[in-house]
Every structure is written in structure tokens, then in C-alpha cells.
$ cat upload.cif   # mmCIF, C-alpha atoms (C1' of nucleotides)
data_structure
#
loop_
_atom_site.label_atom_id
_atom_site.label_comp_id
_atom_site.auth_asym_id
_atom_site.auth_seq_id
_atom_site.Cartn_x
_atom_site.Cartn_y
_atom_site.Cartn_z
CA MET A 259 -15.64 16.07 8.04
CA ASP A 260 -18.18 14.32 10.19
CA THR A 261 -19.48 15.70 13.44
CA THR A 262 -22.87 14.01 13.24
CA GLY A 263 -21.96 11.02 15.43
CA ASN A 264 -22.68 8.31 12.88
CA SER A 265 -20.50 5.24 13.09
CA PHE A 266 -21.17 2.59 10.48
CA THR A 267 -18.98 -0.51 10.56
CA GLY A 268 -19.13 -4.06 9.28
CA SER A 269 -20.10 -5.79 6.06
CA TYR A 270 -23.40 -7.51 5.48
CA SER A 271 -24.49 -9.84 2.67
CA TYR A 272 -28.14 -9.14 1.92
CA THR A 273 -30.49 -9.36 -1.03
CA LEU A 274 -32.08 -6.79 -3.34
CA ASP A 275 -35.70 -7.82 -3.70
CA ALA A 276 -37.94 -7.77 -6.77
CA LYS A 277 -39.10 -4.27 -5.90
CA GLY A 278 -35.57 -2.85 -5.73
CA ARG A 279 -35.55 -2.73 -1.95
CA VAL A 280 -32.64 -3.54 0.31
CA ASN A 281 -32.52 -3.81 4.08
CA ILE A 282 -30.34 -1.42 6.03
CA PRO A 283 -28.70 -3.66 8.61
CA ALA A 284 -30.20 -3.25 12.06
CA LYS A 285 -26.86 -2.25 13.60
CA MET A 286 -26.47 0.50 11.03
CA ARG A 287 -29.98 1.73 11.65
CA LYS A 288 -29.17 1.97 15.31
CA SER A 289 -26.00 3.90 14.44
CA LEU A 290 -27.84 6.48 12.36
CA ASP A 291 -28.22 9.80 14.15
CA PRO A 292 -31.83 10.65 15.03
CA ALA A 293 -31.63 13.99 13.25
CA SER A 294 -31.42 12.16 9.92
CA ASP A 295 -34.95 10.87 10.52
CA SER A 296 -34.37 7.43 8.96
CA THR A 297 -33.23 9.21 5.79
CA PHE A 298 -30.17 8.81 3.58
CA VAL A 299 -29.19 10.46 0.36
CA ALA A 300 -28.27 7.78 -2.17
CA THR A 301 -25.86 8.63 -4.94
CA ARG A 302 -23.03 7.28 -7.09
CA GLY A 303 -19.74 6.54 -5.37
CA SER A 304 -16.39 7.55 -6.76
CA ASP A 305 -15.84 3.80 -6.82
CA PRO A 306 -18.42 1.74 -8.78
CA CYS A 307 -20.92 1.38 -5.93
CA ILE A 308 -23.86 3.19 -4.39
CA ILE A 309 -23.19 5.50 -1.44
CA LEU A 310 -25.73 6.28 1.25
CA TYR A 311 -24.99 9.46 3.16
CA PRO A 312 -27.02 10.12 6.31
CA ALA A 313 -29.17 13.18 5.70
CA THR A 314 -27.10 15.13 8.21
CA VAL A 315 -23.82 14.19 6.53
CA TRP A 316 -25.28 15.08 3.15
CA LYS A 317 -25.86 18.61 4.41
CA GLN A 318 -22.10 18.83 4.95
CA VAL A 319 -21.43 17.41 1.49
CA GLU A 320 -23.77 20.00 0.02
CA ALA A 321 -21.92 22.77 1.81
CA LYS A 322 -18.73 21.71 0.03
CA PHE A 323 -20.39 21.95 -3.35
CA ILE A 324 -21.94 25.27 -2.47
CA ALA A 325 -18.50 26.58 -1.59
CA LEU A 326 -17.20 25.62 -5.02
CA ASN A 327 -16.98 28.57 -7.38
CA LYS A 328 -19.74 27.81 -9.89
CA GLY A 329 -18.39 30.43 -12.27
CA LYS A 330 -15.94 27.80 -13.49
CA ALA A 331 -17.33 25.35 -16.02
CA LEU A 332 -15.39 22.42 -14.63
CA ASN A 333 -16.77 23.03 -11.14
CA ARG A 334 -20.29 23.21 -12.50
CA HIS A 335 -19.75 19.94 -14.33
CA PHE A 336 -18.30 18.24 -11.28
CA THR A 337 -21.21 19.43 -9.14
CA ARG A 338 -23.84 18.53 -11.71
CA ASN A 339 -22.40 15.07 -12.25
CA PHE A 340 -22.40 14.34 -8.54
CA VAL A 341 -25.65 15.90 -7.45
CA ARG A 342 -27.93 14.90 -10.29
CA HIS A 343 -27.67 11.26 -9.34
CA ALA A 344 -28.44 11.93 -5.71
CA GLU A 345 -31.82 11.14 -4.24
CA ALA A 346 -33.16 11.05 -0.71
CA VAL A 347 -34.39 7.64 0.45
CA GLN A 348 -36.04 6.83 3.74
CA TYR A 349 -36.16 3.36 5.24
CA ASP A 350 -39.58 1.98 6.13
CA SER A 351 -40.80 0.22 9.27
CA GLN A 352 -38.95 -2.93 8.18
CA GLY A 353 -35.72 -1.05 7.71
CA ARG A 354 -35.67 -1.23 3.92
CA VAL A 355 -34.89 1.49 1.39
CA ALA A 356 -36.08 1.46 -2.21
CA LEU A 357 -33.03 2.17 -4.36
CA PRO A 358 -33.47 4.32 -7.47
CA ALA A 359 -33.25 2.24 -10.65
CA GLY A 360 -30.46 4.41 -12.08
CA LEU A 361 -28.24 3.75 -9.10
CA ILE A 362 -28.97 0.01 -9.11
CA GLU A 363 -27.79 0.00 -12.70
CA PHE A 364 -24.73 2.18 -12.00
CA GLY A 365 -23.71 -0.13 -9.16
CA GLY A 366 -24.14 -3.21 -11.35
CA ILE A 367 -26.30 -4.70 -8.64
CA GLY A 368 -28.03 -8.05 -9.10
CA LYS A 369 -29.80 -10.09 -6.48
CA ASN A 370 -27.00 -10.07 -3.94
CA VAL A 371 -25.53 -7.00 -2.31
CA GLU A 372 -22.74 -6.32 0.11
CA ILE A 373 -23.51 -3.48 2.49
CA VAL A 374 -20.32 -1.91 3.80
CA GLY A 375 -20.00 0.52 6.69
CA MET A 376 -17.56 3.36 6.01
CA ILE A 377 -17.94 5.20 9.31
CA ASP A 378 -19.82 8.30 8.20
CA ARG A 379 -21.42 6.73 5.11
CA ILE A 380 -22.59 3.37 3.82
CA GLU A 381 -21.56 1.71 0.55
CA ILE A 382 -23.72 -0.77 -1.32
CA TRP A 383 -21.73 -3.08 -3.60
CA ASP A 384 -22.30 -5.85 -6.02
CA PRO A 385 -20.24 -8.57 -4.28
CA GLN A 386 -18.28 -9.41 -7.39
CA ARG A 387 -17.33 -5.80 -7.98
CA LEU A 388 -16.23 -5.43 -4.39
CA GLN A 389 -13.97 -8.42 -4.81
CA GLU A 390 -12.53 -7.04 -8.02
CA MET A 391 -11.96 -3.75 -6.23
CA GLU A 392 -9.99 -5.50 -3.49
CA SER A 393 -7.95 -7.36 -6.09
CA ARG A 394 -7.03 -4.06 -7.75
CA PHE A 395 -5.16 -2.99 -4.66
CA ALA A 396 -3.40 -6.28 -4.04
CA GLY A 397 0.33 -5.86 -4.10
CA ARG A 398 0.24 -2.35 -2.68
CA GLU A 399 0.47 -3.40 0.95
CA ASP A 400 3.49 -1.22 1.55
CA GLU A 401 1.49 1.84 0.53
CA LEU A 402 -1.28 0.79 2.91
CA GLU A 403 1.26 0.29 5.64
CA ALA A 404 2.57 3.78 4.97
CA ILE A 405 -0.92 5.16 5.57
CA ALA A 406 -1.25 3.10 8.76
CA ASN A 407 2.09 4.54 9.86
CA GLU A 408 1.07 8.05 8.91
CA ILE A 409 -2.08 8.00 11.01
CA ASP A 410 -0.45 5.96 13.80
CA LEU A 411 -2.87 3.09 13.73
CA MET B 127 -3.04 7.46 21.54
CA ASP B 128 -5.26 6.39 24.38
CA THR B 129 -6.49 8.67 27.10
CA THR B 130 -9.59 6.62 27.92
CA GLY B 131 -8.08 4.96 30.99
CA ASN B 132 -8.24 1.37 29.79
CA SER B 133 -5.44 -0.87 30.94
CA PHE B 134 -5.61 -4.46 29.73
CA THR B 135 -2.81 -6.82 30.79
CA GLY B 136 -2.27 -10.55 31.08
CA SER B 137 -2.97 -13.61 28.95
CA TYR B 138 -5.87 -16.00 29.43
CA SER B 139 -6.59 -19.41 27.88
CA TYR B 140 -10.32 -19.73 27.32
CA THR B 141 -12.68 -21.49 24.93
CA LEU B 142 -14.82 -20.39 22.01
CA ASP B 143 -18.20 -22.07 22.44
CA ALA B 144 -20.49 -23.61 19.82
CA LYS B 145 -22.27 -20.30 19.36
CA GLY B 146 -19.07 -18.38 18.63
CA ARG B 147 -18.96 -16.74 22.04
CA VAL B 148 -15.88 -16.09 24.12
CA ASN B 149 -15.61 -14.84 27.67
CA ILE B 150 -13.91 -11.51 28.32
CA PRO B 151 -11.76 -12.20 31.37
CA ALA B 152 -13.21 -10.69 34.53
CA LYS B 153 -10.13 -8.59 35.17
CA MET B 154 -10.33 -7.10 31.69
CA ARG B 155 -14.00 -6.34 32.16
CA LYS B 156 -13.12 -4.51 35.33
CA SER B 157 -10.45 -2.57 33.40
CA LEU B 158 -12.86 -1.41 30.71
CA ASP B 159 -13.86 2.22 31.09
CA PRO B 160 -17.55 2.70 31.98
CA ALA B 161 -18.11 5.04 29.05
CA SER B 162 -17.62 2.08 26.68
CA ASP B 163 -20.82 0.55 28.09
CA SER B 164 -19.56 -3.07 27.97
CA THR B 165 -18.90 -2.58 24.25
CA PHE B 166 -15.89 -3.29 22.06
CA VAL B 167 -15.38 -2.97 18.35
CA ALA B 168 -13.97 -6.22 17.03
CA THR B 169 -11.89 -6.16 13.88
CA ARG B 170 -8.92 -7.72 12.08
CA GLY B 171 -5.49 -7.11 13.52
CA SER B 172 -2.51 -6.21 11.40
CA ASP B 173 -1.24 -9.52 12.75
CA PRO B 174 -3.43 -12.59 12.10
CA CYS B 175 -5.61 -12.19 15.19
CA ILE B 176 -8.82 -10.44 16.25
CA ILE B 177 -8.55 -7.05 17.96
CA LEU B 178 -11.09 -5.72 20.44
CA TYR B 179 -11.00 -1.95 20.80
CA PRO B 180 -13.00 -0.46 23.66
CA ALA B 181 -15.80 1.65 22.18
CA THR B 182 -14.11 4.79 23.47
CA VAL B 183 -10.79 3.88 21.88
CA TRP B 184 -12.58 3.05 18.65
CA LYS B 185 -13.93 6.57 18.53
CA GLN B 186 -10.33 7.75 18.38
CA VAL B 187 -9.51 5.23 15.66
CA GLU B 188 -12.52 6.44 13.70
CA ALA B 189 -11.41 10.03 13.96
CA LYS B 190 -8.22 9.08 12.13
CA PHE B 191 -10.12 7.51 9.29
CA ILE B 192 -12.54 10.41 9.07
CA ALA B 193 -9.60 12.79 8.82
CA LEU B 194 -8.28 10.89 5.78
CA ASN B 195 -9.13 12.59 2.51
CA LYS B 196 -11.69 10.27 0.93
CA GLY B 197 -11.22 11.92 -2.45
CA LYS B 198 -8.17 9.68 -2.90
CA ALA B 199 -8.85 6.13 -4.09
CA LEU B 200 -6.12 4.58 -1.98
CA ASN B 201 -7.48 6.20 1.18
CA ARG B 202 -10.95 4.95 0.41
CA HIS B 203 -9.61 1.46 -0.11
CA PHE B 204 -7.58 1.62 3.07
CA THR B 205 -10.62 2.75 5.07
CA ARG B 206 -12.95 0.22 3.49
CA ASN B 207 -10.59 -2.66 4.04
CA PHE B 208 -10.26 -1.80 7.70
CA VAL B 209 -13.76 -0.71 8.62
CA ARG B 210 -15.77 -3.34 6.79
CA HIS B 211 -14.37 -6.03 9.01
CA ALA B 212 -15.13 -4.06 12.15
CA GLU B 213 -18.21 -4.68 14.20
CA ALA B 214 -19.41 -3.55 17.60
CA VAL B 215 -19.86 -6.35 20.13
CA GLN B 216 -21.21 -6.00 23.63
CA TYR B 217 -20.57 -8.53 26.36
CA ASP B 218 -23.62 -10.01 28.05
CA SER B 219 -24.40 -10.53 31.71
CA GLN B 220 -21.98 -13.49 31.74
CA GLY B 221 -19.21 -11.41 30.26
CA ARG B 222 -19.21 -13.08 26.85
CA VAL B 223 -19.06 -11.52 23.41
CA ALA B 224 -20.33 -13.19 20.24
CA LEU B 225 -17.56 -12.91 17.67
CA PRO B 226 -18.53 -12.32 14.03
CA ALA B 227 -18.01 -15.42 11.89
CA GLY B 228 -15.76 -13.58 9.46
CA LEU B 229 -13.35 -12.62 12.21
CA ILE B 230 -13.33 -16.12 13.71
CA GLU B 231 -12.30 -17.34 10.30
CA PHE B 232 -9.70 -14.59 9.77
CA GLY B 233 -8.13 -15.35 13.15
CA GLY B 234 -8.04 -19.08 12.38
CA ILE B 235 -9.76 -19.68 15.67
CA GLY B 236 -10.80 -23.16 16.75
CA LYS B 237 -12.05 -24.23 20.14
CA ASN B 238 -9.22 -22.72 22.14
CA VAL B 239 -8.31 -19.05 22.33
CA GLU B 240 -5.64 -16.99 23.97
CA ILE B 241 -6.87 -13.60 25.15
CA VAL B 242 -4.04 -11.10 25.38
CA GLY B 243 -4.12 -7.68 27.03
CA MET B 244 -2.42 -4.98 24.96
CA ILE B 245 -3.01 -2.03 27.27
CA ASP B 246 -5.57 -0.03 25.26
CA ARG B 247 -6.90 -2.99 23.27
CA ILE B 248 -7.34 -6.73 23.55
CA GLU B 249 -6.11 -9.37 21.10
CA ILE B 250 -7.75 -12.74 20.61
CA TRP B 251 -5.42 -15.38 19.20
CA ASP B 252 -5.52 -18.96 18.09
CA PRO B 253 -2.90 -20.36 20.52
CA GLN B 254 -0.91 -22.03 17.77
CA ARG B 255 -0.74 -18.87 15.72
CA LEU B 256 0.40 -16.90 18.72
CA GLN B 257 3.20 -19.38 19.25
CA GLU B 258 4.23 -19.18 15.60
CA MET B 259 4.20 -15.42 15.88
CA GLU B 260 6.55 -15.53 18.86
CA SER B 261 8.84 -17.90 16.97
CA ARG B 262 9.03 -15.43 14.10
CA PHE B 263 10.73 -12.88 16.30
CA ALA B 264 13.14 -15.30 17.93
CA GLY B 265 16.72 -14.27 17.42
CA ARG B 266 16.00 -10.54 17.29
CA GLU B 267 16.58 -9.86 20.97
CA ASP B 268 19.08 -7.11 20.27
CA GLU B 269 16.47 -5.22 18.26
CA LEU B 270 14.04 -5.63 21.11
CA GLU B 271 16.65 -4.31 23.48
CA ALA B 272 17.10 -1.28 21.24
CA ILE B 273 13.40 -0.52 21.63
CA ALA B 274 13.64 -0.92 25.39
CA ASN B 275 16.54 1.53 25.27
CA GLU B 276 14.64 3.95 23.13
CA ILE B 277 11.68 4.14 25.49
CA ASP B 278 13.96 3.96 28.56
CA LEU B 279 12.35 0.87 30.06
"C1'" DT C 94 -9.72 -26.30 56.06
"C1'" DA C 95 -14.50 -25.03 55.18
"C1'" DC C 96 -17.63 -22.19 53.11
"C1'" DG C 97 -19.36 -18.44 50.40
"C1'" DT C 98 -18.65 -15.90 46.23
"C1'" DT C 99 -17.10 -15.30 41.68
"C1'" DT C 100 -16.00 -16.92 37.19
"C1'" DG C 101 -16.12 -19.70 33.07
"C1'" DT C 102 -18.84 -23.05 30.27
"C1'" DG C 103 -22.88 -25.14 28.07
"C1'" DG C 104 -27.43 -24.74 26.50
"C1'" DG C 105 -32.71 -23.34 25.74
"C1'" DT C 106 -35.86 -20.10 23.87
"C1'" DA C 107 -38.27 -15.58 23.36
"C1'" DG C 108 -37.76 -11.84 20.62
"C1'" DA C 109 -35.52 -9.31 16.82
"C1'" DA C 110 -34.13 -9.18 12.10
"C1'" DG C 111 -34.21 -10.33 7.18
"C1'" DT C 112 -37.05 -11.88 3.20
"C1'" DG C 113 -41.05 -12.22 0.23
"C1'" DG C 114 -45.31 -10.52 -1.08
"C1'" DG C 115 -50.24 -8.09 -1.25
"C1'" DT C 116 -52.72 -3.93 -1.71
"C1'" DA C 117 -54.20 0.84 -0.64
"C1'" DA C 118 -52.82 5.32 -1.77
"C1'" DA C 119 -50.41 8.54 -4.52
"C1'" DT C 120 -48.68 9.97 -8.86
"C1'" DA C 121 -48.17 9.95 -13.83
"C1'" DA C 122 -50.01 9.32 -18.34
"C1'" DC C 123 -53.60 9.71 -21.58
"C1'" DG D 169 -61.64 13.08 -15.70
"C1'" DT D 170 -60.19 8.30 -16.09
"C1'" DT D 171 -56.87 4.77 -16.27
"C1'" DA D 172 -52.35 2.83 -15.56
"C1'" DT D 173 -48.26 2.69 -12.98
"C1'" DT D 174 -45.50 3.44 -9.04
"C1'" DT D 175 -44.79 4.00 -4.21
"C1'" DA D 176 -45.77 3.47 0.59
"C1'" DC D 177 -47.66 0.73 4.06
"C1'" DC D 178 -48.73 -3.51 6.02
"C1'" DC D 179 -48.59 -8.66 6.90
"C1'" DA D 180 -46.59 -13.35 7.42
"C1'" DC D 181 -42.92 -16.56 7.87
"C1'" DT D 182 -38.20 -18.25 8.64
"C1'" DT D 183 -33.80 -17.63 10.63
"C1'" DC D 184 -30.68 -15.57 13.75
"C1'" DT D 185 -29.44 -13.20 18.08
"C1'" DA D 186 -29.93 -11.65 22.77
"C1'" DC D 187 -31.30 -12.92 27.14
"C1'" DC D 188 -31.71 -16.07 30.67
"C1'" DC D 189 -30.73 -20.33 33.43
"C1'" DA D 190 -27.94 -24.04 35.52
"C1'" DC D 191 -23.81 -26.02 37.12
"C1'" DA D 192 -18.95 -27.05 37.93
"C1'" DA D 193 -14.59 -25.16 38.94
"C1'" DA D 194 -11.75 -21.72 40.85
"C1'" DC D 195 -10.88 -18.19 44.06
"C1'" DG D 196 -10.98 -15.48 48.34
"C1'" DT D 197 -11.89 -15.05 53.21
"C1'" DA D 198 -12.70 -16.43 57.93
#
$ encode --input "upload.cif" --output "C-alpha cells"
Amino acid sequence: MDTTGNSFTGSYSYTLDAKGRVNIPAKMRKSLDPASDSTFVATRGSDPCIILYPATVWKQVEAKFIALNKGKALNRHFTRNFVRHAEAVQYDSQGRVALPAGLIEFGGIGKNVEIVGMIDRIEIWDPQRLQEMESRFAGREDELEAIANEIDL
Amino acid sequence: MDTTGNSFTGSYSYTLDAKGRVNIPAKMRKSLDPASDSTFVATRGSDPCIILYPATVWKQVEAKFIALNKGKALNRHFTRNFVRHAEAVQYDSQGRVALPAGLIEFGGIGKNVEIVGMIDRIEIWDPQRLQEMESRFAGREDELEAIANEIDL
DNA sequence: TACGTTTGTGGGTAGAAGTGGGTAAATAAC
DNA sequence: GTTATTTACCCACTTCTACCCACAAACGTA
């Protein structure tokens, strides 16, 4: 999907402050394409976390929804349920974004967060949930190896 | 996979210093393509070691992950589990990279390291682990010969 | 063999990054 | 229109990282 040049990697353990702000790691800020103008669109992940799409990547996500036939009720529902939780956030001069309260709640986020690079997007996790997520896939290493084989990694 | 011109060979016994830095051997630095700008992406190997991909090679690795359909949970997990341990590192004017603490731990690295050229990537091993790894494949020389046959070496 | 250059190792510190908080400005509520 | 609440902007401090220096050992050349 991505042709915007973003390249987010790594995992950072930061804190959510009393004002609902979290720091975007400096390396990720440097990775963000200039056209996004320090701006992400924050929304719910398909997994129980918050996703930050760079503004430029979000344009591509939007295009996919636009291309969905909205005459079908299920498509409208899918679109509505994805887009209504989305909100643009811009990081300030200290590199922090203020996360919408609804997303903080959806992500089950307390004081500690794990910020995970996913190449063309960023995920913000409650550390405990991330660990549970990893545990859920334990025992499926052969399936993971099949994917590694498939993409010749 | 690689068409970036990198060509890392050899094995070097160096040290990891108190600040978590390790020297990239001079010959390997000379082998690194200029477009990588002295930068690798360090991440977990499939084997218990650290891998350094040249930045240019990492772009190709990324492209494979981007091409994976992220609508599937298993693909998301696969991507997350690979990419969240990855981090760009740039060697300084003395040729050293600072390795992320998480990777040092994953690789079981103490004071001594073995730096191994793997053509388009570099592996950083705890010497004892590398030895154990070699021992694991002892006795399978006929299988190795079959591979040599297959690629007409 | 002698000497100059390059390489690997150890360490100090200036500058960058993350965290916590105050308040002016903008927005919402009455 | 006024008041209350929220958001955006700014500051200060602590910790971590990037940059620089020095030196010994190894290597290459005359």
C-alpha cells in the first residue's frame, strides 16, 4: 500500500501523562514524511490497540473506503465503525500527541504504553495487552515460518 | 534478493563495550553501499543472534511486509513480531554501532562477540552460541552436500 | 626492520530526548 | 455576554545518546 516513504521500526516503553499525552519517539518523528506535517490520524486498531497512521498514509486508507460500494449496508457499517473513531492529532514542539479519551479507553491504556513501529503505521499498546497478544500466537510458529518462507525472508 | 551491491564476508572476534557499542569491522564498512549512509537496521535473527541489514537491504525487507495483507490477524502478528524488534543504527566516526539493549539480551551477548558476514547482511553472535549452533548441524554433511549440488557450487 | 597509517578499545561530556507541569488562548456551556 | 472547561503553547529538569578525544595494537609499505 505505502508509497509515502515512512519507515517506523522498534518498540518504545513510554508513559501517558496526566493530560493524556504521549511522546512520539524521536526516531519515529524523524521517519515521518514531511508531507504529513507532524500529523497522524489516530484510530482503533483491528487488534485492541490504538493505530497512528501518518496523514499521508491515511489518505490512502480513505481511498480504500471511498472505493467501497456504500450502497451495501454492511459496507456502510464497516466504514462507519472504522472512520468514526478516527481523529487527526498533531505532535507539538516536544513531540507529544494528545490522544482522544475514547481511544485511550478502547486501548485499555494506563500509565505505561508500548509504542510499536509497524513500518507504515504506529501502534500504541497497553504493555499487558501486547504481551497477551503475543501469547495468543504462541504455538503457531510453523504458520509464521510458512509466511517467512512465502515472502522469502 | 539483494541487488544493493553489499558483500559481507569473514568472521571477526571483537568486544561489546560498557556502553553497548560494537565495532563494525573496517572491511565490512568498506563493503557497505554508500546509499545506506553508514546505517543498518538491527533486529532479531531467526537464529538466536542479532542481524544487521544495510539500510538499502532493509528497504527491500520492508517492501515484503508492506505487501502482506494486514487485514489478516496472523500477518499483523508476524509483522509486529518482526518489526518491533528492529531499529536503525548508524555507525559513528570510529565505526561503532550502539546496539539496542533488547537485542543484546535476545542475542545473549556478553563481553565478546563474533561478527559474521552473510553476504547481504551481518550477524552478531555470542561466540558460545555460535559454537552450539555449529554443533547442532554436525552429522548432516550429506544434506549440506545436497545443497552444494543443488546450487552447483 | 623501522616507521607511518589504520583499526579497535575505553572513556568524558555536550546536546538531545523524555517527563512533569503552568498558563494563555480557544472553545463549549450556560 | 459571561463563565467554565479544554486545548495549545511554553518552561524546567533529569536521563540518555551522539560526538569527540586519547591511546595501544595491528597492519602495510619502504
$ interface_residues --input "upload.cif" --of "chain C" --to "chain B" --cutoff "12 Å" --atoms "all atoms listed in the file" --output "MDAnalysis selection string"
chainID C and resid 99:104
$ resolve_selection --input "upload.cif" --expression "the PyMOL selection byres ((chain C and resi 116) around 9)" --output "VMD selection string"
(chain C and resid 115 117) or (chain D and resid 177 to 178)
$ write_last_selection --input "upload.cif" --atoms "C-alpha atoms (C1' of nucleotides)" --output "mmCIF file, keeping the file's coordinate frame"
data_model
loop_
_atom_site.group_PDB
_atom_site.id
_atom_site.type_symbol
_atom_site.label_atom_id
_atom_site.label_comp_id
_atom_site.auth_asym_id
_atom_site.auth_seq_id
_atom_site.Cartn_x
_atom_site.Cartn_y
_atom_site.Cartn_z
ATOM 1 C "C1'" DG C 115 -50.240 -8.090 -1.250
ATOM 2 C "C1'" DA C 117 -54.200 0.840 -0.640
ATOM 3 C "C1'" DC D 177 -47.660 0.730 4.060
ATOM 4 C "C1'" DC D 178 -48.730 -3.510 6.020
#
$ residues_around --input "upload.cif" --residues "segment 311-320 of chain A" --least-positions-apart "3" --cutoff "6 Å" --atoms "only C-alpha atoms (C1' of nucleotides)" --output "VMD selection string"
chain A and resid 294 297 to 299 323 379
$ atom_distance --input "upload.cif" --atom1 "atom CA of Gly268 of chain A" --atom2 "atom CA of Ala396 of chain A"
20.7 Å
$ resolve_selection --input "upload.cif" --expression "the PyMOL selection byres ((chain D and resi 187) around 12)" --output "PDB file with C-alpha atoms (C1' of nucleotides), in the frame of the given file"
ATOM      1  CA  TYR B 217     -20.570  -8.530  26.360  1.00  0.00           C
ATOM      2  CA  ASP B 218     -23.620 -10.010  28.050  1.00  0.00           C
ATOM      3  CA  SER B 219     -24.400 -10.530  31.710  1.00  0.00           C
ATOM      4  CA  GLN B 220     -21.980 -13.490  31.740  1.00  0.00           C
TER       5      GLN B 220
ATOM      6  C1'  DG C 105     -32.710 -23.340  25.740  1.00  0.00           C
ATOM      7  C1'  DT C 106     -35.860 -20.100  23.870  1.00  0.00           C
ATOM      8  C1'  DA C 107     -38.270 -15.580  23.360  1.00  0.00           C
ATOM      9  C1'  DG C 108     -37.760 -11.840  20.620  1.00  0.00           C
ATOM     10  C1'  DA C 109     -35.520  -9.310  16.820  1.00  0.00           C
TER      11       DA C 109
ATOM     12  C1'  DT D 185     -29.440 -13.200  18.080  1.00  0.00           C
ATOM     13  C1'  DA D 186     -29.930 -11.650  22.770  1.00  0.00           C
ATOM     14  C1'  DC D 188     -31.710 -16.070  30.670  1.00  0.00           C
ATOM     15  C1'  DC D 189     -30.730 -20.330  33.430  1.00  0.00           C
TER      16       DC D 189
END
$ interface_residues --input "upload.cif" --of "chain B" --to "chain A" --cutoff "8 Å" --atoms "all atoms listed in the file" --output "list in words"
Val187, Glu188, Lys190, Ile192, Ala193, Ala199, Leu200, Asn201, His203, Phe204, Thr205, Arg206, Val209, Arg210, His211, Ala212, Glu213 and Ala214 of chain B
$ residues_near_point --input "upload.cif" --point "(-29.4, -15.4, 8.8)" --cutoff "10 Å" --atoms "all atoms listed in the file" --output "list in words"
Ser271 and Tyr272 of chain A; DA110 and DG111 of chain C; DT182, DT183, DC184 and DT185 of chain D
$ residues_near_point --input "upload.cif" --point "(-9.8, -15.9, 51.0)" --cutoff "12 Å" --atoms "all atoms listed in the file" --output "ChimeraX atom specification"
/C:94-99 /D:194-198
$ closest_residue --input "upload.cif" --among "B:Arg147, B:Asn207, B:Leu229, B:Arg202" --to "Ala168 of chain B" --atoms "only C-alpha atoms"
B:Leu229
$ atom_distance --input "upload.cif" --atom1 "atom CA of Gly365 of chain A" --atom2 "atom CA of Ile380 of chain A"
13.5 Å
$ atom_distance --input "upload.cif" --atom1 "atom CA of Phe340 of chain A" --atom2 "atom CA of Ala356 of chain A"
19.8 Å
$ closest_residue --input "upload.cif" --among "B:Val215, B:Val239, B:Ala272, B:Ile250" --to "chain D" --atoms "all atoms listed in the file"
B:Val215
$ closest_residue --input "upload.cif" --among "B:Gly228, B:Gly171, B:Gly146, B:Pro160" --to "chain D" --atoms "only C-alpha atoms (C1' of nucleotides)"
B:Gly146
$ resolve_selection --input "upload.cif" --expression "the PyMOL selection byres ((chain D and resi 180) around 10)" --output "VMD selection string"
(chain C and resid 113 to 114) or (chain D and resid 179 181 to 182)
